[in-house]
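A.B. asks: Just protein-v2.txt, nothing more (compact mmCIF, C-alpha atoms and all ligand atoms):
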```
# COMPACT_ATOMS: atom_id res chain seq x y z
CA MET A 1 -17.58 -4.59 8.57
CA GLN A 2 -16.74 -6.38 5.35
CA ILE A 3 -15.01 -4.44 2.58
CA GLU A 4 -16.22 -5.37 -0.88
CA ARG A 5 -15.07 -2.43 -2.99
CA LEU A 6 -11.36 -1.54 -3.10
CA ALA A 7 -9.53 1.40 -4.65
CA ILE A 8 -5.80 0.91 -5.24
CA PHE A 9 -3.51 3.95 -5.47
CA CYS A 10 -0.19 3.57 -7.34
CA SER A 11 2.68 5.61 -8.78
CA GLY A 12 5.05 2.99 -10.17
CA ASN A 13 5.60 -0.49 -11.47
CA GLY A 14 2.53 -1.92 -9.75
CA SER A 15 3.80 -5.37 -8.76
CA ASN A 16 1.80 -5.11 -5.52
CA LEU A 17 -1.24 -4.07 -7.57
CA GLN A 18 -0.75 -7.12 -9.80
CA ALA A 19 -0.62 -9.39 -6.75
CA ILE A 20 -3.95 -7.91 -5.57
CA ILE A 21 -5.53 -8.24 -9.04
CA ASP A 22 -4.53 -11.91 -9.15
CA ALA A 23 -5.74 -12.58 -5.59
CA CYS A 24 -9.15 -11.02 -6.33
CA LYS A 25 -9.44 -13.12 -9.48
CA GLU A 26 -8.56 -16.29 -7.54
CA LYS A 27 -10.97 -15.24 -4.75
CA SER A 28 -8.35 -15.41 -2.02
CA ILE A 29 -9.37 -11.78 -1.49
CA LEU A 30 -13.14 -11.46 -1.47
CA ALA A 31 -13.44 -7.99 -2.95
CA GLU A 32 -13.63 -6.16 -6.25
CA ILE A 33 -11.11 -3.55 -7.38
CA VAL A 34 -13.43 -0.72 -8.40
CA LEU A 35 -10.70 1.83 -9.14
CA VAL A 36 -6.97 2.08 -9.80
CA LEU A 37 -5.93 5.68 -9.23
CA VAL A 38 -2.48 6.89 -10.33
CA ASP A 39 -0.86 10.28 -9.76
CA ARG A 40 1.48 10.00 -12.79
CA PRO A 41 1.74 7.86 -15.92
CA CYS A 42 3.15 4.52 -14.76
CA PHE A 43 3.16 0.82 -15.54
CA ALA A 44 0.55 0.17 -12.81
CA LEU A 45 -1.93 2.03 -15.04
CA GLU A 46 -1.25 -0.41 -17.89
CA ARG A 47 -1.67 -3.39 -15.57
CA ALA A 48 -5.07 -2.09 -14.46
CA LYS A 49 -6.23 -1.42 -18.02
CA GLN A 50 -5.13 -4.87 -19.08
CA ALA A 51 -7.21 -6.34 -16.27
CA GLY A 52 -10.24 -4.31 -17.37
CA ILE A 53 -10.35 -2.24 -14.17
CA ALA A 54 -11.61 1.37 -14.09
CA THR A 55 -8.67 3.78 -13.90
CA LYS A 56 -8.09 7.41 -13.09
CA LEU A 57 -4.89 9.30 -13.96
CA LEU A 58 -4.75 12.56 -12.01
CA ASP A 59 -2.29 15.44 -12.18
CA ARG A 60 -0.75 15.65 -8.71
CA LYS A 61 0.35 19.24 -9.37
CA ALA A 62 -3.17 20.49 -10.16
CA ALA A 63 -4.86 22.68 -7.54
CA THR A 64 -7.91 20.41 -7.74
CA PHE A 65 -5.92 17.18 -7.25
CA HIS A 66 -7.14 16.28 -3.74
CA ASP A 67 -10.77 17.13 -4.58
CA GLU A 68 -10.58 14.92 -7.66
CA VAL A 69 -9.20 12.02 -5.63
CA ILE A 70 -12.14 12.26 -3.21
CA LEU A 71 -14.60 12.58 -6.11
CA ALA A 72 -13.22 9.47 -7.84
CA LEU A 73 -13.62 7.49 -4.61
CA ARG A 74 -17.21 8.71 -4.20
CA GLU A 75 -18.09 7.94 -7.81
CA THR A 76 -16.80 4.39 -7.55
CA ARG A 77 -18.22 3.92 -4.03
CA ALA A 78 -14.89 2.59 -2.80
CA GLU A 79 -15.03 1.28 0.78
CA GLY A 80 -11.32 0.67 1.34
CA ILE A 81 -8.10 2.07 -0.13
CA VAL A 82 -4.73 0.41 -0.64
CA LEU A 83 -1.62 2.52 -1.15
CA ALA A 84 0.52 0.20 -3.26
CA GLY A 85 3.62 2.20 -4.12
CA TYR A 86 1.79 5.54 -4.09
CA LEU A 87 4.08 8.55 -3.73
CA SER A 88 1.70 11.48 -3.13
CA ILE A 89 0.90 12.45 0.43
CA LEU A 90 -2.77 11.99 1.29
CA ASP A 91 -4.96 14.97 2.08
CA SER A 92 -6.10 15.01 5.72
CA ARG A 93 -9.76 15.17 4.57
CA LEU A 94 -9.27 11.84 2.82
CA ILE A 95 -7.64 10.26 5.88
CA SER A 96 -10.49 11.37 8.13
CA ALA A 97 -13.13 10.21 5.63
CA TYR A 98 -11.66 6.66 5.68
CA PRO A 99 -10.60 5.98 9.29
CA MET A 100 -8.77 2.60 9.48
CA LYS A 101 -9.93 1.95 5.95
CA ILE A 102 -6.65 2.90 4.22
CA ILE A 103 -3.78 0.40 4.09
CA ASN A 104 -0.17 1.09 3.09
CA VAL A 105 2.72 -1.24 2.30
CA HIS A 106 6.24 -0.05 3.08
CA PRO A 107 9.57 -1.78 2.37
CA SER A 108 11.11 -1.58 5.86
CA LEU A 109 10.32 -2.56 9.43
CA LEU A 110 8.43 0.56 10.51
CA PRO A 111 8.82 2.77 12.48
CA LEU A 112 12.41 2.43 11.19
CA PHE A 113 13.27 3.93 7.80
CA GLY A 114 9.85 5.46 7.16
CA GLY A 115 8.59 9.00 6.64
CA LYS A 116 9.27 11.72 4.13
CA GLY A 117 12.01 10.87 1.64
CA PHE A 118 12.09 7.15 2.52
CA TYR A 119 10.89 5.53 -0.68
CA GLY A 120 12.30 3.11 -3.24
CA LEU A 121 15.99 2.27 -3.03
CA ARG A 122 16.60 5.15 -0.57
CA VAL A 123 15.02 3.00 2.14
CA HIS A 124 17.38 0.10 1.53
CA LYS A 125 20.41 2.39 1.23
CA ALA A 126 19.58 3.84 4.66
CA VAL A 127 19.29 0.32 6.08
CA LEU A 128 22.78 -0.49 4.76
CA ASP A 129 24.21 2.84 5.98
CA ALA A 130 22.92 2.04 9.47
CA GLY A 131 24.56 -1.40 9.36
CA CYS A 132 21.31 -3.26 10.07
CA LYS A 133 21.41 -7.05 10.07
CA ILE A 134 17.72 -7.35 9.30
CA SER A 135 15.14 -5.37 7.38
CA GLY A 136 11.72 -6.30 6.04
CA ALA A 137 8.29 -5.04 5.07
CA THR A 138 5.34 -3.55 6.93
CA VAL A 139 1.64 -3.31 6.17
CA HIS A 140 -0.19 -0.73 8.28
CA PHE A 141 -3.35 1.34 8.56
CA VAL A 142 -2.84 4.93 7.45
CA GLU A 143 -3.12 7.81 9.88
CA GLU A 144 -2.07 11.43 9.53
CA GLY A 145 1.71 11.60 8.90
CA VAL A 146 3.89 9.73 6.39
CA ASP A 147 4.20 5.95 7.00
CA LYS A 148 2.31 6.29 10.29
CA GLY A 149 -0.46 4.13 11.73
CA PRO A 150 -1.21 0.86 13.52
CA ILE A 151 0.79 -2.09 12.16
CA ILE A 152 -1.17 -4.97 10.65
CA ALA A 153 1.71 -7.24 9.57
CA GLN A 154 5.49 -7.32 9.36
CA GLU A 155 8.03 -9.82 8.17
CA SER A 156 11.82 -9.63 8.23
CA ILE A 157 14.65 -10.62 5.92
CA SER A 158 18.39 -10.90 6.59
CA VAL A 159 20.76 -8.17 5.43
CA TYR A 160 24.28 -9.25 4.41
CA ALA A 161 27.50 -7.20 4.39
CA GLU A 162 27.88 -7.55 0.62
CA ASP A 163 24.29 -6.44 -0.16
CA ARG A 164 23.51 -3.54 -2.47
CA PRO A 165 20.19 -1.66 -2.06
CA GLU A 166 18.92 -3.56 -5.11
CA ASP A 167 19.63 -6.90 -3.41
CA ILE A 168 17.56 -5.94 -0.38
CA ALA A 169 14.73 -4.70 -2.63
CA GLU A 170 14.73 -8.03 -4.43
CA ARG A 171 14.41 -9.94 -1.14
CA VAL A 172 11.81 -7.57 0.36
CA HIS A 173 9.45 -7.38 -2.62
CA PRO A 174 8.09 -10.95 -2.40
CA ILE A 175 7.40 -10.58 1.32
CA GLU A 176 5.60 -7.28 0.68
CA HIS A 177 3.28 -9.12 -1.67
CA LYS A 178 2.78 -11.94 0.82
CA ILE A 179 1.94 -9.82 3.88
CA LEU A 180 -0.12 -7.35 1.85
CA LEU A 181 -2.34 -10.13 0.51
CA GLN A 182 -2.68 -11.73 3.95
CA SER A 183 -3.60 -8.37 5.50
CA LEU A 184 -6.04 -7.47 2.73
CA SER A 185 -7.81 -10.76 2.95
CA LEU A 186 -8.41 -10.20 6.70
CA PHE A 187 -9.34 -6.55 6.11
CA CYS A 188 -11.92 -7.41 3.46
CA GLU A 189 -13.43 -10.11 5.70
CA GLY A 190 -13.84 -7.46 8.40
CA ARG A 191 -11.55 -9.31 10.81
CA LEU A 192 -9.19 -6.46 11.75
CA SER A 193 -9.85 -4.11 14.64
CA VAL A 194 -7.69 -1.48 16.30
CA GLN A 195 -7.36 -0.94 20.05
CA GLY A 196 -4.84 1.76 20.92
CA ARG A 197 -1.80 1.08 18.74
CA MET A 198 -2.56 -2.64 18.42
CA VAL A 199 -4.30 -4.31 15.51
CA HIS A 200 -6.29 -7.38 16.56
CA ILE A 201 -7.37 -10.22 14.30
CA SER A 202 -10.70 -11.85 15.11
CA GLU A 203 -11.44 -15.55 14.62
CA GLU A 204 -13.32 -16.53 11.45
C1 LIG B 301 7.07 -1.11 -2.78
O1 LIG B 301 8.38 -1.30 -2.34
C2 LIG B 301 6.19 -0.57 -1.67
O2 LIG B 301 6.53 -1.08 -0.43
C3 LIG B 301 6.45 0.89 -1.73
O3 LIG B 301 6.59 1.17 -3.11
C4 LIG B 301 7.00 0.00 -3.81
C5 LIG B 301 6.02 -0.29 -4.89
O4 LIG B 301 6.35 -1.39 -5.68
N1 LIG B 301 5.45 1.65 -1.03
P1 LIG B 301 5.35 -1.85 -6.83
O5 LIG B 301 5.03 -0.61 -7.66
O6 LIG B 301 4.15 -2.44 -6.18
O7 LIG B 301 6.12 -2.85 -7.62
```
What's the C-alpha cells form of this structure?
C.D. replies:
Amino acid sequence: MQIERLAIFCSGNGSNLQAIIDACKEKSILAEIVLVLVDRPCFALERAKQAGIATKLLDRKAATFHDEVILALRETRAEGIVLAGYLSILDSRLISAYPMKIINVHPSLLPLFGGKGFYGLRVHKAVLDAGCKISGATVHFVEEGVDKGPIIAQESISVYAEDRPEDIAERVHPIEHKILLQSLSLFCEGRLSVQGRMVHISEE
C-alpha cells in the first residue's frame, strides 16, 4: 500500500523534518506532509510554518493530549507517521490504529542504547561510557514500548577514544537523515513488509 499523506511528529530542532520537507519538494519521497505535530514550542514548528505546512502545537501535559493527537491525524487524513525527534511516548490506541505505519529514527544501533531516558546526548554519553568502538543510527517501525519495533535500516559510525558526546552526535546526524530518507522513500512506495522481526524490501 502506497503512503501519500505523512504526519511528522517533532519536539526539537527538526533537522530530520527539514530533510523530509526537502525530499518531498524534490520528489525523492513521493508523499505530501499533511501535518507537523509538536508537543512543545520548538524550532521544528518554525521550519514547518516556513514551508507552508499545516501545524499543530499540543500541550503534552493536558488530559486530552492523546485524544487531540488522534483527532489531528483523522482531520488531516494522515496515512503514515514519522517520529522525527519526538519525545512524548505514544498512546497505545495510536500505535494500534497505525500498525507498521509509524516510523521512528533513533541515534544508536538499536536495541543498544534505546528505551526510556535514552535521548539526545545521553545516548552518546552511554555509548562512550560503555567503551563502544562503533555506534550509529536506526530507523524502525514503532510497536508498543520505547524504541521498539522491526528495524528498517541501520548504519554505523566509528567511535574514537577522544570523542565527546557532541562529536558522536555530529557524526550520527547526517546518517540519520540519509537512512530516514531512504526508508521513507521505500515506505511511501509501499515496498516495505514485515515478517516476524524482519523487514523485507520488495523490488520496484
Ligand atoms: C535525532 O537524533 C533523532 O534520532 C532523535 O532525536 C533527534 C532529533 O534531531 N530521535 P532533529 O530534531 O531532527 O534535529
A.B. asks: If I take atom CA of Gly190 of chain A and atom CA of Glu79 of chain A, how far is one from the other in Å, to one decimal?
C.D. replies: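 If I compute the distance from atom CA of Gly190 of chain A to atom CA of Glu79 of chain A, I get 11.7 Å.
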A.B. asks: Kindly give the distance, in Å, that separates atom CA of Ser28 of chain A and atom CA of Leu180 of chain A, rounded to a single decimal.
C.D. replies: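 Straight-line distance from atom CA of Ser28 of chain A to atom CA of Leu180 of chain A works out to 12.2 Å.
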A.B. asks: What does the distance from atom CA of Ala31 of chain A to atom CA of Ala54 of chain A come to in Å, to one decimal?
C.D. replies: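 Atom-to-atom, atom CA of Ala31 of chain A to atom CA of Ala54 of chain A, that is 14.7 Å.
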A.B. asks: Using all atoms listed in the file, which protein or nucleic acid residues come within 7 Å of Arg40 of chain A? Drop anything in the same chain fewer than 4 positions from it, and give the result as a list in words.
C.D. replies: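 Using all atoms listed in the file, the neighbours found are Ser11, Leu57, Leu58 and Asp59 of chain A.
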A.B. asks: Which residue is closest to Leu17 of chain A? Choose from A:Arg60, A:Arg93, A:Arg47, A:Arg197 and count all atoms listed in the file.
C.D. replies: A:Arg47
A.B. asks: Can I get a file of segment 157-169 of chain A from the given structure, N, CA, C and O atoms kept, as a PDB file, in the first residue's frame?
C.D. replies:
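Below is the file part-v8.pdb, written as the result:
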```pdb
ATOM      1  N   ILE A 157      28.863   4.250  12.573  1.00  0.00           N
ATOM      2  CA  ILE A 157      29.980   5.198  12.507  1.00  0.00           C
ATOM      3  C   ILE A 157      31.032   4.705  13.504  1.00  0.00           C
ATOM      4  O   ILE A 157      30.710   3.957  14.420  1.00  0.00           O
ATOM      5  N   SER A 158      32.273   5.142  13.333  1.00  0.00           N
ATOM      6  CA  SER A 158      33.324   4.797  14.295  1.00  0.00           C
ATOM      7  C   SER A 158      33.245   5.714  15.507  1.00  0.00           C
ATOM      8  O   SER A 158      32.857   6.883  15.387  1.00  0.00           O
ATOM      9  N   VAL A 159      33.611   5.163  16.663  1.00  0.00           N
ATOM     10  CA  VAL A 159      33.718   5.967  17.890  1.00  0.00           C
ATOM     11  C   VAL A 159      35.199   5.979  18.282  1.00  0.00           C
ATOM     12  O   VAL A 159      35.839   4.929  18.292  1.00  0.00           O
ATOM     13  N   TYR A 160      35.732   7.150  18.581  1.00  0.00           N
ATOM     14  CA  TYR A 160      37.153   7.282  18.905  1.00  0.00           C
ATOM     15  C   TYR A 160      37.324   7.628  20.382  1.00  0.00           C
ATOM     16  O   TYR A 160      36.453   8.265  20.999  1.00  0.00           O
ATOM     17  N   ALA A 161      38.479   7.233  20.939  1.00  0.00           N
ATOM     18  CA  ALA A 161      38.738   7.410  22.375  1.00  0.00           C
ATOM     19  C   ALA A 161      38.603   8.861  22.815  1.00  0.00           C
ATOM     20  O   ALA A 161      38.167   9.144  23.923  1.00  0.00           O
ATOM     21  N   GLU A 162      38.944   9.796  21.943  1.00  0.00           N
ATOM     22  CA  GLU A 162      38.911  11.213  22.328  1.00  0.00           C
ATOM     23  C   GLU A 162      37.549  11.860  22.086  1.00  0.00           C
ATOM     24  O   GLU A 162      37.375  13.054  22.349  1.00  0.00           O
ATOM     25  N   ASP A 163      36.565  11.100  21.623  1.00  0.00           N
ATOM     26  CA  ASP A 163      35.244  11.678  21.318  1.00  0.00           C
ATOM     27  C   ASP A 163      34.533  12.200  22.562  1.00  0.00           C
ATOM     28  O   ASP A 163      34.622  11.615  23.647  1.00  0.00           O
ATOM     29  N   ARG A 164      33.793  13.304  22.354  1.00  0.00           N
ATOM     30  CA  ARG A 164      32.813  13.763  23.351  1.00  0.00           C
ATOM     31  C   ARG A 164      31.443  13.365  22.802  1.00  0.00           C
ATOM     32  O   ARG A 164      31.319  13.128  21.590  1.00  0.00           O
ATOM     33  N   PRO A 165      30.395  13.355  23.643  1.00  0.00           N
ATOM     34  CA  PRO A 165      29.060  13.014  23.119  1.00  0.00           C
ATOM     35  C   PRO A 165      28.690  13.879  21.914  1.00  0.00           C
ATOM     36  O   PRO A 165      28.099  13.394  20.946  1.00  0.00           O
ATOM     37  N   GLU A 166      29.074  15.143  21.952  1.00  0.00           N
ATOM     38  CA  GLU A 166      28.755  16.076  20.860  1.00  0.00           C
ATOM     39  C   GLU A 166      29.402  15.639  19.542  1.00  0.00           C
ATOM     40  O   GLU A 166      28.847  15.848  18.466  1.00  0.00           O
ATOM     41  N   ASP A 167      30.616  15.060  19.651  1.00  0.00           N
ATOM     42  CA  ASP A 167      31.310  14.622  18.427  1.00  0.00           C
ATOM     43  C   ASP A 167      30.552  13.462  17.776  1.00  0.00           C
ATOM     44  O   ASP A 167      30.420  13.397  16.552  1.00  0.00           O
ATOM     45  N   ILE A 168      30.070  12.559  18.624  1.00  0.00           N
ATOM     46  CA  ILE A 168      29.326  11.410  18.073  1.00  0.00           C
ATOM     47  C   ILE A 168      28.026  11.914  17.434  1.00  0.00           C
ATOM     48  O   ILE A 168      27.671  11.502  16.330  1.00  0.00           O
ATOM     49  N   ALA A 169      27.340  12.823  18.143  1.00  0.00           N
ATOM     50  CA  ALA A 169      26.086  13.378  17.604  1.00  0.00           C
ATOM     51  C   ALA A 169      26.323  13.991  16.225  1.00  0.00           C
ATOM     52  O   ALA A 169      25.524  13.795  15.302  1.00  0.00           O
TER      53      ALA A 169
END
```
